[in-house]
Structures are given as structure tokens and as C-alpha cells.
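Containing mmCIF, C-alpha atoms and all ligand atoms: entry-v7.cif.
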```cif
data_final
loop_
_atom_site.label_atom_id
_atom_site.label_comp_id
_atom_site.auth_asym_id
_atom_site.auth_seq_id
_atom_site.Cartn_x
_atom_site.Cartn_y
_atom_site.Cartn_z
CA MET A 1118 135.81 133.39 95.85
CA ASN A 1119 137.75 130.77 93.90
CA VAL A 1120 134.92 128.50 92.80
CA ASN A 1121 135.34 126.87 89.43
CA TRP A 1122 132.05 127.71 87.68
CA LYS A 1123 132.57 125.23 84.85
CA ASP A 1124 132.96 122.52 87.48
CA ILE A 1125 129.62 123.33 89.15
CA LYS A 1126 127.84 123.16 85.81
CA GLU A 1127 129.48 119.85 84.96
CA LYS A 1128 129.46 118.21 88.37
CA GLY A 1129 126.28 119.66 89.84
CA PHE A 1130 127.94 120.74 93.08
CA VAL A 1131 130.75 122.93 94.44
CA ASP A 1132 133.78 120.68 94.57
CA GLU A 1133 136.06 122.76 96.80
CA LYS A 1134 138.49 121.23 99.30
CA VAL A 1135 137.63 121.58 102.96
CA GLY A 1136 140.68 121.84 105.23
CA PRO A 1137 141.17 118.97 107.73
CA ASP A 1138 141.25 121.42 110.66
CA LEU A 1139 137.95 123.08 109.84
CA ASP A 1140 135.15 122.46 112.34
CA ILE A 1141 132.62 121.96 109.57
CA LEU A 1142 129.52 121.71 111.79
CA ARG A 1143 130.46 124.90 113.67
CA GLU A 1144 131.09 126.73 110.40
CA ILE A 1145 127.72 125.62 108.98
CA ASP A 1146 126.07 126.86 112.14
CA ARG A 1147 127.89 130.19 111.98
CA MET A 1148 127.09 130.75 108.29
CA ARG A 1149 123.40 129.91 108.61
CA LYS A 1150 123.00 132.56 111.33
CA GLU A 1151 125.04 135.13 109.43
CA LYS A 1152 123.13 134.57 106.18
CA ASN A 1153 119.68 134.06 107.74
CA ALA A 1154 119.49 130.62 106.13
CA ILE A 1155 117.31 127.67 107.14
CA ILE A 1156 118.44 124.08 106.57
CA LEU A 1157 115.56 121.71 105.77
CA ALA A 1158 116.32 117.98 105.72
CA HIS A 1159 114.29 114.94 104.70
CA TYR A 1160 114.18 111.83 106.91
CA TYR A 1161 116.18 109.90 104.29
CA GLN A 1162 119.25 112.10 104.71
CA GLN A 1163 122.41 110.90 106.44
CA GLY A 1164 122.20 111.10 110.25
CA GLU A 1165 124.71 113.95 110.68
CA ILE A 1166 122.78 116.05 108.16
CA GLN A 1167 119.47 115.40 109.95
CA ASP A 1168 121.18 116.39 113.20
CA ILE A 1169 122.43 119.76 111.95
CA ALA A 1170 119.20 120.70 110.15
CA ASP A 1171 116.83 123.37 111.52
CA PHE A 1172 113.92 121.18 110.56
CA VAL A 1173 113.67 117.48 109.65
CA GLY A 1174 110.48 116.09 108.18
CA ASP A 1175 108.56 114.26 105.49
CA SER A 1176 107.84 115.84 102.14
CA LEU A 1177 104.57 117.44 103.31
CA ALA A 1178 106.03 119.00 106.46
CA LEU A 1179 109.04 120.24 104.49
CA SER A 1180 106.87 122.00 101.93
CA GLN A 1181 104.80 123.54 104.75
CA GLN A 1182 108.04 124.84 106.34
CA ALA A 1183 109.30 126.15 103.00
CA GLU A 1184 106.09 128.12 102.55
CA ARG A 1185 106.09 129.73 105.98
CA THR A 1186 109.80 130.41 106.67
CA SER A 1187 111.07 133.99 107.03
CA ALA A 1188 114.65 132.96 106.17
CA ASP A 1189 116.34 134.59 103.17
CA ILE A 1190 117.95 131.34 102.06
CA ILE A 1191 116.43 127.84 102.08
CA LEU A 1192 119.10 125.14 101.91
CA PHE A 1193 117.35 121.91 101.02
CA ALA A 1194 119.05 118.71 102.13
CA GLY A 1195 116.90 116.37 100.08
CA VAL A 1196 116.25 115.62 96.43
CA HIS A 1197 115.65 118.05 93.59
CA PHE A 1198 111.81 117.93 93.42
CA MET A 1199 111.68 118.92 97.12
CA ALA A 1200 113.93 121.96 96.63
CA GLU A 1201 112.01 122.82 93.47
CA THR A 1202 108.71 122.73 95.41
CA ALA A 1203 110.25 125.15 97.93
CA LYS A 1204 111.27 127.50 95.10
CA ILE A 1205 107.79 127.32 93.54
CA LEU A 1206 106.27 128.30 96.89
CA SER A 1207 108.88 130.94 97.77
CA PRO A 1208 110.10 132.42 94.47
CA ASP A 1209 111.72 135.45 96.13
CA LYS A 1210 113.96 133.33 98.32
CA LYS A 1211 117.27 131.83 97.33
CA VAL A 1212 116.79 128.05 97.32
CA LEU A 1213 119.97 125.96 97.39
CA ILE A 1214 120.58 122.22 97.02
CA PRO A 1215 124.04 120.78 97.78
CA ASP A 1216 124.01 118.57 94.66
CA LEU A 1217 121.85 119.21 91.59
CA ASN A 1218 122.18 115.54 90.60
CA ALA A 1219 120.12 114.43 93.59
CA GLY A 1220 117.12 113.38 91.50
CA CYS A 1221 114.32 110.86 92.03
CA SER A 1222 113.55 107.74 89.98
CA LEU A 1223 109.83 108.17 90.71
CA ALA A 1224 109.80 111.76 89.38
CA ASP A 1225 111.79 110.54 86.34
CA SER A 1226 109.18 107.85 85.66
CA CYS A 1227 106.71 110.56 84.57
CA PRO A 1228 108.03 112.52 81.56
CA PRO A 1229 105.95 115.72 80.97
CA ASP A 1230 105.21 115.16 77.23
CA GLU A 1231 103.91 111.63 77.79
CA PHE A 1232 101.94 112.71 80.83
CA LYS A 1233 100.32 115.59 78.91
CA SER A 1234 99.09 113.13 76.22
CA PHE A 1235 97.86 110.78 78.97
CA VAL A 1236 95.86 113.56 80.66
CA GLU A 1237 94.36 114.58 77.31
CA LYS A 1238 92.95 111.07 76.90
CA TYR A 1239 90.79 111.57 80.01
CA PRO A 1240 88.85 114.83 79.70
CA GLY A 1241 86.85 115.74 82.80
CA TYR A 1242 89.19 113.89 85.17
CA THR A 1243 90.75 115.62 88.19
CA VAL A 1244 94.53 115.23 88.14
CA ILE A 1245 96.13 114.37 91.49
CA SER A 1246 99.91 114.05 91.42
CA TYR A 1247 102.31 113.03 94.09
CA VAL A 1248 104.83 115.71 95.14
CA ASN A 1249 107.61 113.45 93.74
CA THR A 1250 107.26 115.06 90.30
CA THR A 1251 108.93 117.81 88.29
CA ALA A 1252 107.57 121.36 88.13
CA GLU A 1253 106.28 120.60 84.60
CA ILE A 1254 104.09 117.77 85.94
CA LYS A 1255 102.86 119.97 88.79
CA ALA A 1256 101.84 122.53 86.15
CA LEU A 1257 99.62 119.84 84.53
CA THR A 1258 98.08 118.88 87.89
CA ASP A 1259 94.97 120.04 89.80
CA ILE A 1260 96.02 118.96 93.29
CA ILE A 1261 99.38 117.79 94.58
CA CYS A 1262 99.55 115.25 97.39
CA THR A 1263 102.17 113.48 99.47
CA SER A 1264 102.00 110.09 101.13
CA SER A 1265 100.87 111.89 104.31
CA ASN A 1266 97.70 113.29 102.79
CA ALA A 1267 97.03 111.38 99.52
CA MET A 1268 94.20 109.28 100.99
CA GLN A 1269 92.43 112.30 102.54
CA ILE A 1270 92.85 114.42 99.40
CA VAL A 1271 91.24 111.72 97.25
CA GLN A 1272 88.46 111.32 99.84
CA SER A 1273 87.89 115.09 100.01
CA LEU A 1274 86.60 115.02 96.41
CA PRO A 1275 82.96 114.14 95.64
CA GLU A 1276 82.27 110.36 95.35
CA GLU A 1277 81.53 110.53 91.61
CA GLU A 1278 84.74 112.46 90.73
CA LYS A 1279 86.93 110.73 88.13
CA ILE A 1280 90.60 110.89 89.08
CA ILE A 1281 93.95 110.57 87.34
CA PHE A 1282 96.57 109.63 89.90
CA ALA A 1283 100.30 109.98 89.11
CA PRO A 1284 103.02 108.90 89.14
CA ASP A 1285 103.31 106.14 91.78
CA ARG A 1286 101.36 103.00 90.83
CA ASN A 1287 101.76 101.37 94.25
CA LEU A 1288 100.45 104.35 96.21
CA GLY A 1289 97.72 104.86 93.59
CA ASN A 1290 96.57 101.22 93.69
CA TYR A 1291 96.63 101.22 97.48
CA ILE A 1292 94.40 104.33 97.67
CA LYS A 1293 92.09 102.95 94.98
CA SER A 1294 91.69 99.67 96.89
CA VAL A 1295 90.92 101.43 100.20
CA THR A 1296 88.60 104.15 98.83
CA GLY A 1297 87.01 102.31 95.88
CA ARG A 1298 87.24 105.56 93.89
CA ASN A 1299 87.23 105.83 90.09
CA MET A 1300 90.96 106.25 89.45
CA VAL A 1301 93.24 105.77 86.46
CA ILE A 1302 96.81 105.34 87.54
CA TRP A 1303 100.06 106.33 85.86
CA GLN A 1304 102.52 103.40 85.92
CA GLY A 1305 105.48 105.00 87.67
CA ALA A 1306 107.48 103.67 90.62
CA CYS A 1307 110.39 104.29 92.97
CA HIS A 1308 113.42 102.03 92.47
CA VAL A 1309 114.08 101.84 96.24
CA HIS A 1310 110.56 100.86 97.33
CA GLU A 1311 110.05 98.30 94.55
CA GLU A 1312 113.26 96.56 95.57
CA PHE A 1313 112.12 95.13 98.92
CA SER A 1314 111.93 91.34 99.04
CA LEU A 1315 108.77 89.80 100.53
CA GLU A 1316 110.53 86.46 100.85
CA ARG A 1317 113.46 87.91 102.80
CA ILE A 1318 111.15 90.04 104.99
CA LEU A 1319 109.16 86.92 105.90
CA GLU A 1320 112.37 85.02 106.66
CA ILE A 1321 113.24 87.70 109.23
CA LYS A 1322 109.69 87.62 110.60
CA GLU A 1323 109.93 83.86 111.09
CA LYS A 1324 112.92 84.35 113.42
CA GLU A 1325 111.76 87.63 114.99
CA THR A 1326 108.14 86.67 115.58
CA ASP A 1327 107.48 89.70 117.81
CA ALA A 1328 108.67 92.19 115.16
CA LYS A 1329 106.07 94.36 113.40
CA ILE A 1330 106.36 95.10 109.69
CA ILE A 1331 105.92 98.78 108.81
CA ALA A 1332 105.88 99.94 105.19
CA HIS A 1333 105.74 103.05 103.02
CA PRO A 1334 102.85 102.96 100.50
CA GLU A 1335 105.34 103.17 97.62
CA CYS A 1336 106.14 99.48 98.33
CA GLU A 1337 104.61 96.76 96.14
CA LYS A 1338 101.25 95.23 97.09
CA PRO A 1339 102.56 91.92 98.59
CA ILE A 1340 104.63 93.95 101.10
CA LEU A 1341 101.67 96.18 101.95
CA ILE A 1342 99.47 93.10 102.53
CA VAL A 1343 101.78 91.75 105.25
CA ALA A 1344 102.45 95.18 106.84
CA ASP A 1345 101.13 95.93 110.34
CA HIS A 1346 101.21 99.65 109.55
CA ILE A 1347 101.33 101.54 106.21
CA GLY A 1348 102.19 105.22 106.08
CA SER A 1349 104.38 108.12 105.06
CA THR A 1350 107.79 108.52 106.66
CA SER A 1351 106.36 110.66 109.47
CA SER A 1352 103.46 108.25 109.96
CA LEU A 1353 105.89 105.31 110.31
CA LEU A 1354 107.98 107.30 112.77
CA ASN A 1355 104.94 108.29 114.85
CA PHE A 1356 103.71 104.70 114.84
CA THR A 1357 106.99 103.44 116.35
CA ARG A 1358 106.76 106.18 119.01
CA LYS A 1359 103.23 105.23 120.13
CA ASP A 1360 103.12 101.49 119.49
CA ASN A 1361 104.19 99.08 122.21
CA ALA A 1362 106.16 96.53 120.11
CA LYS A 1363 109.90 96.33 120.71
CA LYS A 1364 111.04 95.41 117.19
CA TYR A 1365 110.17 96.64 113.70
CA ILE A 1366 111.07 95.55 110.18
CA VAL A 1367 111.19 98.87 108.32
CA ALA A 1368 110.19 98.77 104.62
CA THR A 1369 111.25 102.21 103.49
CA GLU A 1370 114.53 104.01 102.87
CA SER A 1371 116.87 103.25 105.75
CA GLY A 1372 117.61 106.92 106.66
CA ILE A 1373 114.36 107.10 108.66
CA ILE A 1374 115.85 104.62 111.18
CA HIS A 1375 118.08 107.44 112.48
CA GLN A 1376 115.04 109.30 113.90
CA MET A 1377 113.34 106.05 114.99
CA LYS A 1378 116.39 105.11 117.09
CA LYS A 1379 116.67 108.64 118.52
CA SER A 1380 113.03 108.57 119.64
CA ASN A 1381 113.05 104.94 120.82
CA PRO A 1382 116.59 104.00 121.93
CA GLU A 1383 115.32 100.83 123.62
CA LYS A 1384 113.65 99.46 120.46
CA THR A 1385 115.21 97.47 117.58
CA PHE A 1386 114.77 98.53 113.94
CA ILE A 1387 115.63 96.08 111.18
CA PRO A 1388 115.93 97.53 107.65
CA ALA A 1389 113.77 95.46 105.26
CA PRO A 1390 116.15 93.63 102.90
CA PRO A 1391 116.19 94.18 99.11
CA LYS A 1392 115.67 91.41 96.52
CA ASP A 1393 119.34 91.64 95.53
CA SER A 1394 121.24 90.64 98.66
CA THR A 1395 124.52 92.07 97.31
CA CYS A 1396 123.35 95.70 97.06
CA ALA A 1397 122.42 98.40 99.55
CA CYS A 1398 119.29 99.11 97.50
CA ASN A 1399 117.22 100.13 100.52
CA ASP A 1400 119.32 103.32 100.48
CA CYS A 1401 118.17 105.98 98.04
CA ASN A 1402 121.35 106.75 96.09
CA PHE A 1403 119.94 110.20 95.21
CA MET A 1404 119.25 111.16 98.83
CA LYS A 1405 122.69 109.92 99.85
CA MET A 1406 124.41 112.19 97.27
CA ILE A 1407 124.05 114.97 99.82
CA THR A 1408 127.09 115.00 102.10
CA ILE A 1409 128.07 117.35 104.90
CA LYS A 1410 130.99 118.65 102.83
CA LYS A 1411 128.73 119.47 99.86
CA LEU A 1412 126.29 121.11 102.27
CA TYR A 1413 129.09 123.26 103.72
CA ASN A 1414 130.31 124.38 100.27
CA CYS A 1415 126.74 125.02 99.16
CA LEU A 1416 126.08 127.35 102.05
CA LYS A 1417 129.48 129.04 101.76
CA TYR A 1418 129.26 129.80 98.02
CA GLU A 1419 125.43 129.93 97.89
CA LEU A 1420 125.55 127.50 94.98
CA PRO A 1421 124.07 125.57 93.25
CA GLU A 1422 120.81 127.45 93.22
CA VAL A 1423 117.48 125.89 92.21
CA LYS A 1424 115.71 127.82 89.44
CA VAL A 1425 112.22 127.32 88.02
CA ASP A 1426 110.94 128.87 84.79
CA GLU A 1427 108.47 131.60 85.88
CA ASP A 1428 105.76 130.54 83.44
CA ILE A 1429 105.85 126.93 84.71
CA ARG A 1430 106.10 128.13 88.31
CA GLN A 1431 102.91 130.16 88.01
CA LYS A 1432 101.04 127.13 86.64
CA ALA A 1433 102.55 124.72 89.17
CA VAL A 1434 101.98 126.80 92.31
CA HIS A 1435 98.18 126.39 92.25
CA SER A 1436 98.29 122.60 92.60
CA ILE A 1437 100.70 122.82 95.56
CA LYS A 1438 98.67 125.58 97.24
CA ARG A 1439 95.53 123.50 96.88
CA MET A 1440 97.25 120.65 98.69
CA LEU A 1441 98.37 122.97 101.48
CA GLU A 1442 94.88 124.48 101.82
CA ILE A 1443 93.15 121.08 101.95
CA SER A 1444 95.75 119.80 104.44
CA GLU A 1445 95.23 122.84 106.67
CA MET A 1446 91.46 122.43 106.48
CA LEU A 1447 91.79 118.76 107.47
CA GLY A 1448 94.35 119.53 110.18
CA ILE A 1449 97.12 117.44 108.56
P1 LIG A 1501 107.42 111.06 102.36
O1 LIG A 1501 106.36 111.85 101.69
O2 LIG A 1501 106.86 109.98 103.23
O3 LIG A 1501 108.39 111.94 103.05
O4 LIG A 1501 108.23 110.25 101.25
C1 LIG A 1501 108.96 110.90 100.26
C2 LIG A 1501 109.68 109.96 99.43
O5 LIG A 1501 110.49 110.34 98.62
C3 LIG A 1501 109.38 108.55 99.56
O6 LIG A 1501 110.26 107.81 98.82
FE1 LIG A 1502 112.56 109.27 94.91
FE2 LIG A 1502 112.45 106.77 95.77
FE3 LIG A 1502 114.48 108.29 96.49
FE4 LIG A 1502 112.00 108.74 97.49
S1 LIG A 1502 113.31 106.96 97.82
S2 LIG A 1502 113.44 110.27 96.71
S3 LIG A 1502 110.76 108.22 95.72
S4 LIG A 1502 114.00 107.64 94.39
#
```

Since I need it in another form, could you write the structure as C-alpha cells?
Amino acid sequence: MNVNWKDIKEKGFVDEKVGPDLDILREIDRMRKEKNAIILAHYYQQGEIQDIADFVGDSLALSQQAERTSADIILFAGVHFMAETAKILSPDKKVLIPDLNAGCSLADSCPPDEFKSFVEKYPGYTVISYVNTTAEIKALTDIICTSSNAMQIVQSLPEEEKIIFAPDRNLGNYIKSVTGRNMVIWQGACHVHEEFSLERILEIKEKETDAKIIAHPECEKPILIVADHIGSTSSLLNFTRKDNAKKYIVATESGIIHQMKKSNPEKTFIPAPPKDSTCACNDCNFMKMITIKKLYNCLKYELPEVKVDEDIRQKAVHSIKRMLEISEMLGI
């Protein structure tokens, strides 16, 4: 094995050349069988990565898969908090991520020290945190949620319960407005979902009058107000499968359109435009750090591996397990 270890530490991924004649997809397939590895991919991944994955899903479905898999190796084609959640749930398995730099601006918007002081200001509150957080935040949390189950998890608590919701302010405010619950909300956000332009979405809608607007709840309130459907990535995908419109303006990361087109080849999907017309800001730059070449090298060298401090893991696992138990009970 001629991997340069210093390079992995510095770069965050195995930067080995892949020969032009190598059938990379066939090799990935061969290695995953040989090593008893499972490839889990989020809907925001590049199309070819979604296509080679054993399982593609939203963050809830991916954590459910990570908990129940019998594979020896979990290769996570997604961002770091997702792979970290898999490691927290399956500490005895080797969890790999093709690029350690694949972070999340939403997770970064909630630093553990500041969050700890925030929680201390509200004694007696139940802490619900979105899965887009670090292991340290999960260790300070009572129940984890994702956009698929956040509403139901809040509603599963008694009416009078006082709730801290972190870190996404848009999702938090949306749930608070629908449920009317007593919630204090951490002011974090995702740089992709706060970038969509209401003005430019409405310009498209003016021309494409039959198009429906569908939005992830991490979008800002004005976008959610005009949306015909609000939901997690899997909820948006399911909506386009069942709904009878022919066109959709999609206000979430553009990777989801790959599955939407696969399921509905006859329908048109228009990515919602960002405020800055010169950037591709509706792409999550962290998600798109994962490439097929990095994935190949990751599986070949079984590096980089995701590690979680055991003390933090033991504290964090309870909040994730509570989410999985509540979700199972509610059939989500
Ligand atoms: P989902 O929970 O809908 O998969 O979303 C995850 C995410 O990172 C949204 O930006
Ligand atoms: Fe994080 Fe936003 Fe990327 Fe989702 S889209 S992984 S919330 S930075």
C-alpha cells in the first residue's frame, strides 16, 4: 500500500492516482462485496454516486440503515455529521467517508461551548437538536430529529413542555408556527437553503404558471409561505411521485433532482435560483466534495475513517436512539 499518510491528514482524503483504464464502478462493486461494505448515499450526492450506492436516502433513513446494517464497513457518501451519526450508532463497525472536509455550515453554526451556555440558561427545557450537528451537540441533547420527523417529535411531547430547538432557525420557526409550542430557537442556518431568492422564484412562477413550488424547511420563511409543499428531501421526492403537476420549482439542494427525474422522467424540475445569479449556490459545496474517485480510493485503502471520542459517543447515542424509537413508534 503506497498511501501517503501525511497527505491524508493534510488533505482529508486519499489522493492516489486512478489509472485511465480502470473500470472504477466495477472495481467499487467488486471491493464492496469482497470487504462486506455498504455504501450509503444522501440525495444531495452526485448522480453517479447515488447510482452506485446500496442505499440512497434522507438523513433519517440513512441513520436507520446505519443502525441496522450487518456490513463490516459503512462507507458514507454524504457529509461528516451523517458518517459520525453512523459511527455513534455502530461503534464496532469501520465507518469511512471519502473526504473528511465534507462538513456542514448548519452544524458549524452551533459551536458546543456556546450551545452549552445557552442550554444552561434554560433549566427544565427539553433539548431537541437537528441531526445536522456535531457529536458534542448530540451529547448535550435529549432528542435528535431530522426534517422528516421534527414536527412529530415536537408534537409527541406533552403540550406544556418547554423546548430548546437547535440549530436551524428556519426549521425551528416553521415548527413553532405550526404547533404553537413553547420553543426557544438557536439562530443557526444552512448557507445553501438561505440563499434561495424569492424574487427569482416568483419570476419563474410568472412564466411557468402551472409549476408547483416545493421547499425544504431549512429555507427562509418567505419561500416557505409561497411553497405548495414543504418537507424533507424524501418528502419532496414522494410528493413529486404522487402529485399530478407536471412541473416543479425545487427549493433545496439540486442533487435531489437526480432521483426526481429518475422517478418521473416525463416531469420537469427547475432548480430554485439563488440570490446571487453568478454562483451555483443551490449546490452544497460540502456534499459535492465527494467524488467517485475519492470514493474508490476510500474503499480501497479503507481511509479516512470516522472516529468519535468514546465518552462523547456514549452521551450522544441516547439522543439518537430516542429519535429512532419515537420514529419507529410513529411509523416514520
Ligand atoms: P434531509 O434530512 O431532508 O435529508 O436533509 C438533510 C440536509 O442536510 C438538508 O440540508
Ligand atoms: Fe449542511 Fe446545508 Fe449542506 Fe445540508 S445543504 S449538508 S444543511 S450545508

**Request:** Please identify all polymer residues within 7 Å of segment 1435-1438 of chain A, counting only C-alpha atoms, omitting same-chain residues fewer than 5 positions from it, and present them as JSON, numbers by chain.
**Result:** {"A": [1255, 1258, 1259, 1260, 1261]}

**Message:** Need the shell around segment 1335-1345 of chain A: protein/DNA/RNA residues with any atom at most 8 Å away, counting only C-alpha atoms. Skip same-chain ones fewer than 2 positions apart. Format as a ChimeraX atom specification?
**Reply:** /A:1285-1288,1291,1306-1307,1310-1311,1313,1315,1329-1333,1347,1368-1369

Name the residues, by chain letter and number, that sit within 6 Å of ligand LIG 1501 (chain A) using all atoms listed in the file, and give them as a compact mmCIF listing (two decimals) with C-alpha atoms, keeping the file's coordinate frame.
```txt
# COMPACT_ATOMS: atom_id res chain seq x y z
CA ASP A 1175 108.56 114.26 105.49
CA SER A 1176 107.84 115.84 102.14
CA THR A 1263 102.17 113.48 99.47
CA SER A 1264 102.00 110.09 101.13
CA SER A 1349 104.38 108.12 105.06
CA THR A 1350 107.79 108.52 106.66
```

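Using only C-alpha atoms and all ligand atoms, the shortest contact distance between ligand LIG 1502 (chain A) and any of A:Lys1417, A:Lys1378, A:His1197, A:Lys1211 is found at A:His1197.
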
Using all atoms listed in the file, I'd like a table of the residues in chain A that come within 6 Å of ligand LIG 1502 (chain A); for each, show the closest atom pair and its distance in Å rounded to one decimal, ordered by chain and ascending number, as CSV.
```
residue,atom,partner,partner_atom,distance
A:Cys1221,CA,A:LIG1502,FE1,3.7
A:Ser1222,CA,A:LIG1502,S4,4.4
A:Leu1223,CA,A:LIG1502,S3,5.1
A:Cys1307,CA,A:LIG1502,FE2,4.3
A:His1308,CA,A:LIG1502,FE2,5.9
A:Val1309,CA,A:LIG1502,FE2,5.2
A:Glu1370,CA,A:LIG1502,S1,6.0
A:Cys1401,CA,A:LIG1502,FE3,4.6
A:Phe1403,CA,A:LIG1502,FE3,5.9
```

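You can rank A:Ser1273, A:Ser1351, A:Thr1296, A:Gln1431 by their closest distance to Ile1205 of chain A using all atoms listed in the file, and at the top of that list sits A:Gln1431.
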
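Among the candidates A:Cys1396, A:Ala1267, A:Leu1353, A:Val1120, the one nearest to Glu1312 of chain A when counting all atoms listed in the file is A:Cys1396.
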
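Taking atom CA of Val1271 of chain A and atom CA of Arg1439 of chain A as the two end points, the separation is 12.5 Å.
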
**Request:** State, in Å with one decimal place, the distance from atom CA of Ser1246 of chain A to atom CA of Asp1428 of chain A.
**Result:** 19.2 Å

**Asked** Which neighbours of segment 1192-1194 of chain A fall inside 9 Å, counting all atoms listed in the file, when residues of the same chain fewer than 4 positions from it are skipped, and could you give them as a list in words?
**Response** Ala1154, Ile1155, Ile1156, Leu1157, Ala1158, His1159, Gln1162, Ile1166, Gln1167, Ala1170, Met1199, Ala1200, Ala1203, Lys1211, Val1212, Leu1213, Ile1214, Pro1215, Asp1216, Met1404, Ile1407, Thr1408, Leu1412, Cys1415, Leu1416 and Glu1419 of chain A

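Proximity to Tyr1239 of chain A at 12 Å, evaluated using only C-alpha atoms and with sequence-adjacent residues fewer than 5 positions away removed, yields A:Phe1232, A:Lys1233, A:Ser1234, A:Val1244, A:Lys1279, A:Ile1280, A:Ile1281, A:Phe1282, A:Met1300, A:Val1301, A:Ile1302.
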